[in-house]
>>> print(open('input29.cif').read())   # mmCIF, C-alpha atoms and all ligand atoms
data_work
loop_
_atom_site.label_atom_id
_atom_site.label_comp_id
_atom_site.auth_asym_id
_atom_site.auth_seq_id
_atom_site.Cartn_x
_atom_site.Cartn_y
_atom_site.Cartn_z
CA MET K 1 18.57 -28.99 -15.55
CA ILE K 2 19.65 -28.75 -11.93
CA ASN K 3 18.27 -25.81 -10.05
CA ILE K 4 21.21 -23.76 -8.83
CA ILE K 5 19.72 -23.31 -5.41
CA ASP K 6 18.99 -27.00 -4.89
CA LEU K 7 21.21 -28.84 -2.54
CA THR K 8 22.07 -31.71 -4.85
CA LEU K 9 23.74 -34.85 -3.67
CA PHE K 10 25.47 -37.19 -6.09
CA HIS K 11 25.14 -40.86 -5.40
CA THR K 12 27.00 -43.55 -7.21
CA VAL K 13 25.68 -47.12 -7.19
CA LYS K 14 26.42 -50.33 -8.95
CA THR K 15 23.45 -51.95 -10.66
CA LYS K 16 23.08 -55.74 -10.48
CA LYS K 17 22.27 -56.32 -14.13
CA SER K 18 24.82 -54.27 -16.00
CA LYS K 19 27.42 -54.29 -13.30
CA GLN K 20 28.05 -50.75 -14.41
CA TYR K 21 28.23 -47.78 -12.17
CA ILE K 22 25.56 -45.12 -12.65
CA ARG K 23 25.34 -41.74 -11.05
CA TYR K 24 22.08 -40.09 -10.04
CA TYR K 25 20.95 -37.03 -8.20
CA ILE K 26 18.96 -36.64 -5.06
CA HIS K 27 17.32 -33.23 -4.98
CA MET K 28 17.09 -31.97 -1.44
CA PRO K 29 14.62 -29.09 -1.08
CA SER K 30 16.34 -25.77 -0.45
CA GLN K 31 15.05 -23.89 2.52
CA ILE K 32 15.24 -20.41 3.89
CA ASN K 33 14.14 -19.15 7.26
CA ILE K 34 12.10 -15.98 7.29
CA ARG K 35 10.33 -13.66 9.70
CA PHE K 36 8.02 -10.73 8.99
CA HIS K 37 7.69 -7.88 11.45
CA GLU K 38 5.03 -5.42 12.64
CA GLY K 39 2.08 -4.84 10.29
CA LEU K 40 3.42 -7.24 7.64
CA ASN K 41 2.11 -10.12 9.77
CA GLU K 42 -1.42 -9.20 8.67
CA PHE K 43 -0.67 -10.62 5.22
CA LEU K 44 0.49 -14.03 6.50
CA GLN K 45 -1.20 -17.30 7.33
CA PRO K 46 -1.92 -17.47 11.09
CA VAL K 47 0.85 -20.04 11.74
CA GLN K 48 3.41 -17.78 10.06
CA ARG K 49 2.68 -14.68 12.13
CA LYS K 50 5.18 -13.21 14.60
CA THR K 51 7.52 -16.15 14.30
CA ASN K 52 10.36 -17.48 12.19
CA PHE K 53 9.29 -20.09 9.70
CA ASN K 54 10.95 -22.21 7.06
CA PHE K 55 10.05 -21.78 3.42
CA GLU K 56 10.92 -24.16 0.65
CA LEU K 57 12.58 -22.70 -2.44
CA LYS K 58 11.45 -24.44 -5.57
CA LYS K 59 13.31 -22.14 -7.96
CA ALA K 60 15.91 -19.40 -7.98
CA ARG K 61 14.20 -16.08 -7.38
CA SER K 62 14.67 -12.53 -6.20
CA ILE K 63 13.75 -11.69 -2.66
CA LYS K 64 10.97 -9.41 -3.93
CA ASP K 65 9.42 -12.34 -5.76
CA LEU K 66 9.82 -14.59 -2.72
CA ILE K 67 8.17 -12.09 -0.36
CA GLU K 68 5.21 -11.60 -2.71
CA SER K 69 4.81 -15.37 -3.16
CA ILE K 70 4.27 -15.55 0.62
CA GLY K 71 1.49 -12.93 0.25
CA VAL K 72 3.12 -9.62 1.20
CA PRO K 73 2.94 -6.87 -1.48
CA HIS K 74 6.30 -5.20 -2.19
CA THR K 75 4.73 -1.77 -1.54
CA GLU K 76 4.49 -2.69 2.17
CA VAL K 77 8.16 -3.66 2.61
CA ASP K 78 10.94 -1.20 3.37
CA LEU K 79 13.82 -3.09 4.96
CA ILE K 80 15.13 -6.59 4.38
CA PHE K 81 18.00 -8.21 6.23
CA VAL K 82 19.60 -11.41 4.97
CA ASN K 83 21.95 -13.08 7.45
CA GLY K 84 22.13 -9.74 9.26
CA LYS K 85 22.96 -7.68 6.16
CA SER K 86 20.63 -5.10 4.59
CA VAL K 87 19.67 -5.97 0.98
CA ASP K 88 17.37 -4.54 -1.70
CA PHE K 89 14.62 -6.19 -3.74
CA ASN K 90 17.07 -7.53 -6.34
CA TYR K 91 18.89 -9.84 -3.94
CA ARG K 92 18.86 -13.46 -5.18
CA VAL K 93 17.80 -15.79 -2.42
CA GLN K 94 20.27 -18.52 -1.44
CA ASP K 95 19.75 -21.83 0.29
CA GLY K 96 19.97 -21.45 4.06
CA ASP K 97 19.37 -17.68 4.14
CA ARG K 98 17.94 -16.24 7.33
CA ILE K 99 15.69 -13.34 6.37
CA SER K 100 13.95 -10.56 8.35
CA VAL K 101 11.44 -8.28 6.61
CA TYR K 102 10.23 -4.93 7.99
CA PRO K 103 7.60 -2.41 6.93
CA ILE K 104 8.26 1.35 6.85
CA ILE K 105 9.23 2.35 10.36
CA GLU K 106 9.31 6.12 10.69
CA SER K 107 10.76 6.33 14.15
CA LEU K 108 14.06 4.55 13.55
CA ASP K 109 17.14 6.31 12.21
CA ILE K 110 18.00 3.74 9.57
CA SER K 111 19.10 5.91 6.67
CA PRO K 112 22.41 4.10 5.84
CA LEU K 113 20.48 0.90 5.07
CA ASN K 114 18.98 -0.23 1.77
CA HIS K 115 15.46 1.17 1.81
CA CYS K 116 13.20 -0.70 -0.57
CA GLN K 117 10.56 2.03 -0.68
CA PRO K 118 11.16 5.16 -2.76
CA ALA K 119 11.54 8.51 -0.99
CA ALA K 120 8.23 10.02 0.12
CA LEU K 121 6.53 12.21 -2.46
CA GLY K 122 6.54 15.95 -1.83
CA GLU K 123 2.79 16.11 -2.18
CA SER K 124 0.59 13.12 -1.37
CA ARG K 125 -1.72 12.56 -4.33
CA PHE K 126 -3.79 9.43 -4.65
CA VAL K 127 -5.53 7.07 -7.03
CA LEU K 128 -8.08 4.70 -5.51
CA ASP K 129 -9.50 1.40 -6.64
CA VAL K 130 -13.17 0.98 -7.48
CA HIS K 131 -14.16 -0.19 -3.99
CA LEU K 132 -12.99 2.94 -2.18
CA GLY K 133 -15.48 5.54 -3.41
CA ARG K 134 -16.36 6.94 0.03
CA LEU K 135 -12.70 7.19 1.00
CA ALA K 136 -12.04 9.08 -2.25
CA ALA K 137 -14.78 11.58 -1.35
CA TYR K 138 -13.39 12.03 2.16
CA LEU K 139 -9.85 12.61 0.86
CA ARG K 140 -11.13 15.23 -1.56
CA MET K 141 -13.21 16.83 1.19
CA LEU K 142 -9.99 17.35 3.13
CA GLY K 143 -8.22 18.75 0.06
CA PHE K 144 -6.11 15.78 -1.09
CA ASN K 145 -5.91 15.37 -4.87
CA THR K 146 -7.55 11.99 -5.52
CA LEU K 147 -8.43 10.21 -8.75
CA TYR K 148 -11.29 7.76 -8.56
CA ARG K 149 -13.65 6.19 -11.04
CA ASN K 150 -15.89 3.21 -10.54
CA ASP K 151 -14.77 1.71 -13.86
CA TYR K 152 -10.98 1.85 -13.59
CA ASP K 153 -9.53 -1.60 -14.17
CA ASP K 154 -6.38 -2.92 -12.50
CA PRO K 155 -3.92 -2.16 -15.35
CA GLU K 156 -5.27 1.42 -15.58
CA LEU K 157 -4.90 1.95 -11.84
CA ALA K 158 -1.32 0.64 -11.85
CA ASN K 159 -0.42 2.78 -14.87
CA ILE K 160 -1.94 5.97 -13.43
CA SER K 161 -0.03 5.40 -10.19
CA ALA K 162 3.25 4.90 -12.09
CA ASP K 163 2.79 7.68 -14.67
CA GLU K 164 1.52 10.37 -12.31
CA HIS K 165 3.42 9.33 -9.16
CA ARG K 166 0.17 8.85 -7.30
CA ILE K 167 -0.15 6.63 -4.24
CA LEU K 168 -2.37 3.68 -5.14
CA LEU K 169 -4.77 2.88 -2.30
CA THR K 170 -6.51 -0.48 -2.45
CA CYS K 171 -7.72 -3.46 -0.42
CA ASP K 172 -6.49 -5.77 -3.18
CA ARG K 173 -2.98 -7.01 -2.48
CA LYS K 174 -2.63 -8.54 -5.96
CA LEU K 175 -3.02 -5.05 -7.44
CA LEU K 176 -0.15 -3.80 -5.29
CA MET K 177 2.01 -6.69 -6.52
CA ARG K 178 2.01 -5.33 -10.09
CA LYS K 179 5.59 -4.49 -10.88
CA GLN K 180 5.01 -0.91 -12.08
CA VAL K 181 3.47 0.12 -8.75
CA ASN K 182 6.09 2.00 -6.75
CA TYR K 183 3.81 4.05 -4.54
CA GLY K 184 1.04 2.01 -2.99
CA TYR K 185 -0.61 1.18 0.28
CA TYR K 186 -2.89 -1.63 1.42
CA VAL K 187 -5.87 -0.12 3.25
CA ARG K 188 -6.58 -2.21 6.37
CA ALA K 189 -9.78 -0.63 7.71
CA ARG K 190 -13.08 -1.56 6.08
CA GLN K 191 -15.25 1.35 7.25
CA PRO K 192 -14.69 4.58 5.24
CA GLN K 193 -14.52 6.73 8.39
CA GLN K 194 -11.82 4.46 9.80
CA GLN K 195 -10.07 4.36 6.43
CA ILE K 196 -9.66 8.14 6.28
CA LEU K 197 -8.12 8.15 9.76
CA GLU K 198 -5.78 5.32 8.73
CA ILE K 199 -4.61 7.25 5.65
CA LEU K 200 -4.12 10.52 7.56
CA ALA K 201 -1.95 8.67 10.08
CA ARG K 202 0.00 6.56 7.58
CA PHE K 203 0.96 9.51 5.35
CA ASP K 204 1.21 12.06 8.16
CA LEU K 205 -1.48 14.28 6.67
CA TYR K 206 -3.15 15.68 9.79
CA HIS K 207 -1.54 19.08 9.31
CA LYS K 208 -1.79 19.16 5.52
CA GLN K 209 -5.56 19.34 5.21
CA LYS K 210 -7.07 22.04 3.01
CA PRO K 211 -10.80 21.42 3.43
CA PHE K 212 -13.17 22.62 0.70
CA THR K 213 -10.48 23.24 -1.90
CA LEU K 214 -11.43 20.20 -4.02
CA CYS K 215 -14.75 18.91 -5.31
CA MET K 216 -15.85 15.64 -3.68
CA SER K 217 -17.53 14.57 -6.93
CA CYS K 218 -14.96 15.32 -9.61
CA ASN K 219 -11.69 16.35 -7.87
CA GLY K 220 -11.97 19.78 -9.54
CA LYS K 221 -10.83 22.95 -7.74
CA THR K 222 -13.40 24.82 -5.66
CA GLN K 223 -13.58 28.55 -4.98
CA PRO K 224 -15.53 30.57 -2.41
CA VAL K 225 -18.79 31.80 -3.90
CA LYS K 226 -21.15 34.55 -2.68
CA LYS K 227 -24.37 33.24 -1.18
CA GLN K 228 -26.56 35.49 -3.32
CA GLU K 229 -25.05 34.04 -6.49
CA ILE K 230 -26.17 30.48 -5.70
CA GLU K 231 -29.06 31.07 -3.28
CA SER K 232 -31.70 29.86 -5.71
CA ARG K 233 -30.05 26.43 -5.80
CA LEU K 234 -30.09 25.91 -2.02
CA LEU K 235 -32.65 24.03 0.06
CA PRO K 236 -34.57 26.24 2.54
CA LYS K 237 -32.73 24.91 5.64
CA THR K 238 -29.31 25.34 4.01
CA GLN K 239 -30.28 28.91 3.03
CA LYS K 240 -31.31 29.61 6.59
CA TYR K 241 -28.37 28.15 8.54
CA TYR K 242 -25.28 28.61 6.34
CA ASP K 243 -23.55 31.67 4.90
CA LYS K 244 -20.20 30.40 3.62
CA PHE K 245 -20.20 28.45 0.34
CA TYR K 246 -17.75 27.00 -2.17
CA GLN K 247 -18.35 26.02 -5.79
CA CYS K 248 -16.54 23.57 -8.05
CA GLU K 249 -14.95 25.26 -11.08
CA SER K 250 -15.43 22.11 -13.16
CA CYS K 251 -18.90 20.75 -12.40
CA GLY K 252 -20.54 23.65 -10.52
CA LYS K 253 -21.41 21.65 -7.39
CA ILE K 254 -21.88 23.72 -4.22
CA TYR K 255 -20.39 22.92 -0.80
CA TRP K 256 -20.79 24.24 2.73
CA GLN K 257 -19.54 23.19 6.14
CA GLY K 258 -22.57 21.09 7.06
CA SER K 259 -23.03 18.58 9.86
CA HIS K 260 -21.35 15.76 7.95
CA TYR K 261 -18.12 17.74 7.62
CA LEU K 262 -18.22 18.95 11.22
CA LYS K 263 -18.70 15.39 12.54
CA MET K 264 -15.69 14.24 10.57
CA GLN K 265 -13.54 17.11 11.83
CA GLU K 266 -14.56 16.28 15.39
CA MET K 267 -13.51 12.67 14.86
CA ILE K 268 -10.17 13.68 13.29
CA ASN K 269 -9.41 16.12 16.09
CA LYS K 270 -10.03 13.43 18.69
CA ILE K 271 -7.59 11.08 16.96
CA LYS K 272 -5.06 13.92 16.55
CA VAL K 273 -5.11 14.57 20.29
CA THR K 274 -4.75 10.84 21.07
CA ALA K 275 -1.92 10.47 18.55
CA GLY K 276 -0.17 13.57 19.89
ZN ZN K 301 -16.81 19.08 -9.37
#
>>> encode(input="input29.cif", output="structure tokens", more="lines below")
Ligand SMILES: [Zn+2]
Amino acid sequence: MINIIDLTLFHTVKTKKSKQYIRYYIHMPSQINIRFHEGLNEFLQPVQRKTNFNFELKKARSIKDLIESIGVPHTEVDLIFVNGKSVDFNYRVQDGDRISVYPIIESLDISPLNHCQPAALGESRFVLDVHLGRLAAYLRMLGFNTLYRNDYDDPELANISADEHRILLTCDRKLLMRKQVNYGYYVRARQPQQQILEILARFDLYHKQKPFTLCMSCNGKTQPVKKQEIESRLLPKTQKYYDKFYQCESCGKIYWQGSHYLKMQEMINKIKVTAG
């Protein structure tokens, strides 16, 4: 069967033996020209970055499928222009298309266009893959509802994200390419302290922090607790230097604003000032 996007040439020749005319096809590869912008370049091969490049189409496919076959998860893409016209993920790619692909760009007023990403969620809640345990604890420390277990598998993570409208955070682009994932983000930083800053910036969470409202261990709600009620469980230095405590309603763990928390706040405040 002839691929509908192939440029097919018909040639007619006369064979010597039969002296009959036969007709055969020459399949010319179909090509598109594509360019990825801004942070999407991080997903490309070095030679493909920040430049237009040709890509051979071997079969008819949607633009979402094409973009992911080049290595960019659909969760990272917000705007696509084909021959200057805004299209959505369902667009069927045609031979000769010139394509530009953009990530979410907050600063541009581009509302009349076809946005590929769903509208932002009212409350940012997360589910994290098994490699992001420290980031999960940091998000909870700052009061962001975060599901994390070190034994979630990929289908479970994708289903939780879809069913509960949670943003799936991962360093695994294949996980983000699962079709049921609508809300997802590829975490670039590798150090947990850098990762938390990246997430605060990406989802504009600097002013939405509610520290010590969630348990870092189990994501349960915490409540202020009187020092005398839990004093027997504290180490001598903690007893001596701290007076304000919180306790998890689910697992009973106790929290206070120790040096670890204060260091993180200092770091966040620095970034906040730099970011304006
Ligand atoms: Zn807890």
>>> residues_around(input="input29.cif", residues="region 204-217 of chain K", least_positions_apart="6", cutoff="6 Å", atoms="only C-alpha atoms", output="MDAnalysis selection string")
chainID K and resid 137 140:143 248
>>> closest_atom_pairs(input="input29.cif", of="chain K", to="ligand ZN 301 (chain K)", cutoff="10 Å", atoms="only C-alpha atoms and all ligand atoms", output="JSON lines")
{"residue": "K:Leu214", "atom": "CA", "partner": "K:ZN301", "partner_atom": "ZN", "distance": 7.7}
{"residue": "K:Cys215", "atom": "CA", "partner": "K:ZN301", "partner_atom": "ZN", "distance": 4.6}
{"residue": "K:Met216", "atom": "CA", "partner": "K:ZN301", "partner_atom": "ZN", "distance": 6.7}
{"residue": "K:Ser217", "atom": "CA", "partner": "K:ZN301", "partner_atom": "ZN", "distance": 5.2}
{"residue": "K:Cys218", "atom": "CA", "partner": "K:ZN301", "partner_atom": "ZN", "distance": 4.2}
{"residue": "K:Asn219", "atom": "CA", "partner": "K:ZN301", "partner_atom": "ZN", "distance": 6.0}
{"residue": "K:Gly220", "atom": "CA", "partner": "K:ZN301", "partner_atom": "ZN", "distance": 4.9}
{"residue": "K:Lys221", "atom": "CA", "partner": "K:ZN301", "partner_atom": "ZN", "distance": 7.3}
{"residue": "K:Thr222", "atom": "CA", "partner": "K:ZN301", "partner_atom": "ZN", "distance": 7.6}
{"residue": "K:Gln247", "atom": "CA", "partner": "K:ZN301", "partner_atom": "ZN", "distance": 8.0}
{"residue": "K:Cys248", "atom": "CA", "partner": "K:ZN301", "partner_atom": "ZN", "distance": 4.7}
{"residue": "K:Glu249", "atom": "CA", "partner": "K:ZN301", "partner_atom": "ZN", "distance": 6.7}
{"residue": "K:Ser250", "atom": "CA", "partner": "K:ZN301", "partner_atom": "ZN", "distance": 5.0}
{"residue": "K:Cys251", "atom": "CA", "partner": "K:ZN301", "partner_atom": "ZN", "distance": 4.0}
{"residue": "K:Gly252", "atom": "CA", "partner": "K:ZN301", "partner_atom": "ZN", "distance": 6.0}
{"residue": "K:Lys253", "atom": "CA", "partner": "K:ZN301", "partner_atom": "ZN", "distance": 5.6}
{"residue": "K:Ile254", "atom": "CA", "partner": "K:ZN301", "partner_atom": "ZN", "distance": 8.6}
>>> axis_aligned_box(input="input29.cif", around="region 252-257 of chain K", padding_each_side="6 Å", output="lines of an AutoDock Vina configuration file")
center_x = -20.7
center_y = 22.9
center_z = -2.2
size_x = 14.3
size_y = 14.6
size_z = 28.7
>>> residues_around(input="input29.cif", residues="region 121-132 of chain K", least_positions_apart="4", cutoff="6 Å", atoms="only C-alpha atoms", output="PyMOL selection string")
chain K and resi 145-148+150+166-170
>>> write_last_selection(input="input29.cif", atoms="C-alpha atoms", output="PDB file, in the frame of the given file")
ATOM      1  CA  ASN K 145      -5.910  15.370  -4.870  1.00  0.00           C
ATOM      2  CA  THR K 146      -7.550  11.990  -5.520  1.00  0.00           C
ATOM      3  CA  LEU K 147      -8.430  10.210  -8.750  1.00  0.00           C
ATOM      4  CA  TYR K 148     -11.290   7.760  -8.560  1.00  0.00           C
ATOM      5  CA  ASN K 150     -15.890   3.210 -10.540  1.00  0.00           C
ATOM      6  CA  ARG K 166       0.170   8.850  -7.300  1.00  0.00           C
ATOM      7  CA  ILE K 167      -0.150   6.630  -4.240  1.00  0.00           C
ATOM      8  CA  LEU K 168      -2.370   3.680  -5.140  1.00  0.00           C
ATOM      9  CA  LEU K 169      -4.770   2.880  -2.300  1.00  0.00           C
ATOM     10  CA  THR K 170      -6.510  -0.480  -2.450  1.00  0.00           C
TER      11      THR K 170
END
>>> closest_residue(input="input29.cif", among="K:Arg202, K:Lys179, K:Lys50, K:His37", to="Glu68 (chain K)", atoms="only C-alpha atoms")
K:Lys179
>>> residues_around(input="input29.cif", residues="Asn159 (chain K)", least_positions_apart="3", cutoff="10 Å", atoms="only C-alpha atoms", output="compact mmCIF listing (two decimals) with C-alpha atoms, in the frame of the given file")
# COMPACT_ATOMS: atom_id res chain seq x y z
CA ASP K 154 -6.38 -2.92 -12.50
CA PRO K 155 -3.92 -2.16 -15.35
CA GLU K 156 -5.27 1.42 -15.58
CA ALA K 162 3.25 4.90 -12.09
CA ASP K 163 2.79 7.68 -14.67
CA GLU K 164 1.52 10.37 -12.31
CA HIS K 165 3.42 9.33 -9.16
CA ARG K 166 0.17 8.85 -7.30
CA LEU K 168 -2.37 3.68 -5.14
CA ARG K 178 2.01 -5.33 -10.09
CA GLN K 180 5.01 -0.91 -12.08
CA VAL K 181 3.47 0.12 -8.75
>>> closest_residue(input="input29.cif", among="K:Pro224, K:Pro73, K:Gly84, K:Gly133", to="Pro103 (chain K)", atoms="only C-alpha atoms")
K:Pro73
>>> residues_around(input="input29.cif", residues="Tyr261 (chain K)", least_positions_apart="2", cutoff="10 Å", atoms="all atoms listed in the file", output="ChimeraX atom specification")
/K:138,141-142,211-212,256-259,263-267
>>> atom_distance(input="input29.cif", atom1="CA of Gln94 (chain K)", atom2="CA of Ala60 (chain K)")
7.9 Å
>>> closest_residue(input="input29.cif", among="K:Leu66, K:Asn41, K:Ala136, K:Gln31", to="Ile196 (chain K)", atoms="all atoms listed in the file")
K:Ala136
>>> residues_around(input="input29.cif", residues="Lys240 (chain K)", least_positions_apart="5", cutoff="12 Å", atoms="all atoms listed in the file", output="list of chain:residue names")
K:Lys227, K:Glu231, K:Leu234, K:Leu235
>>> atom_distance(input="input29.cif", atom1="CA of Asn54 (chain K)", atom2="CA of Tyr186 (chain K)")
25.4 Å
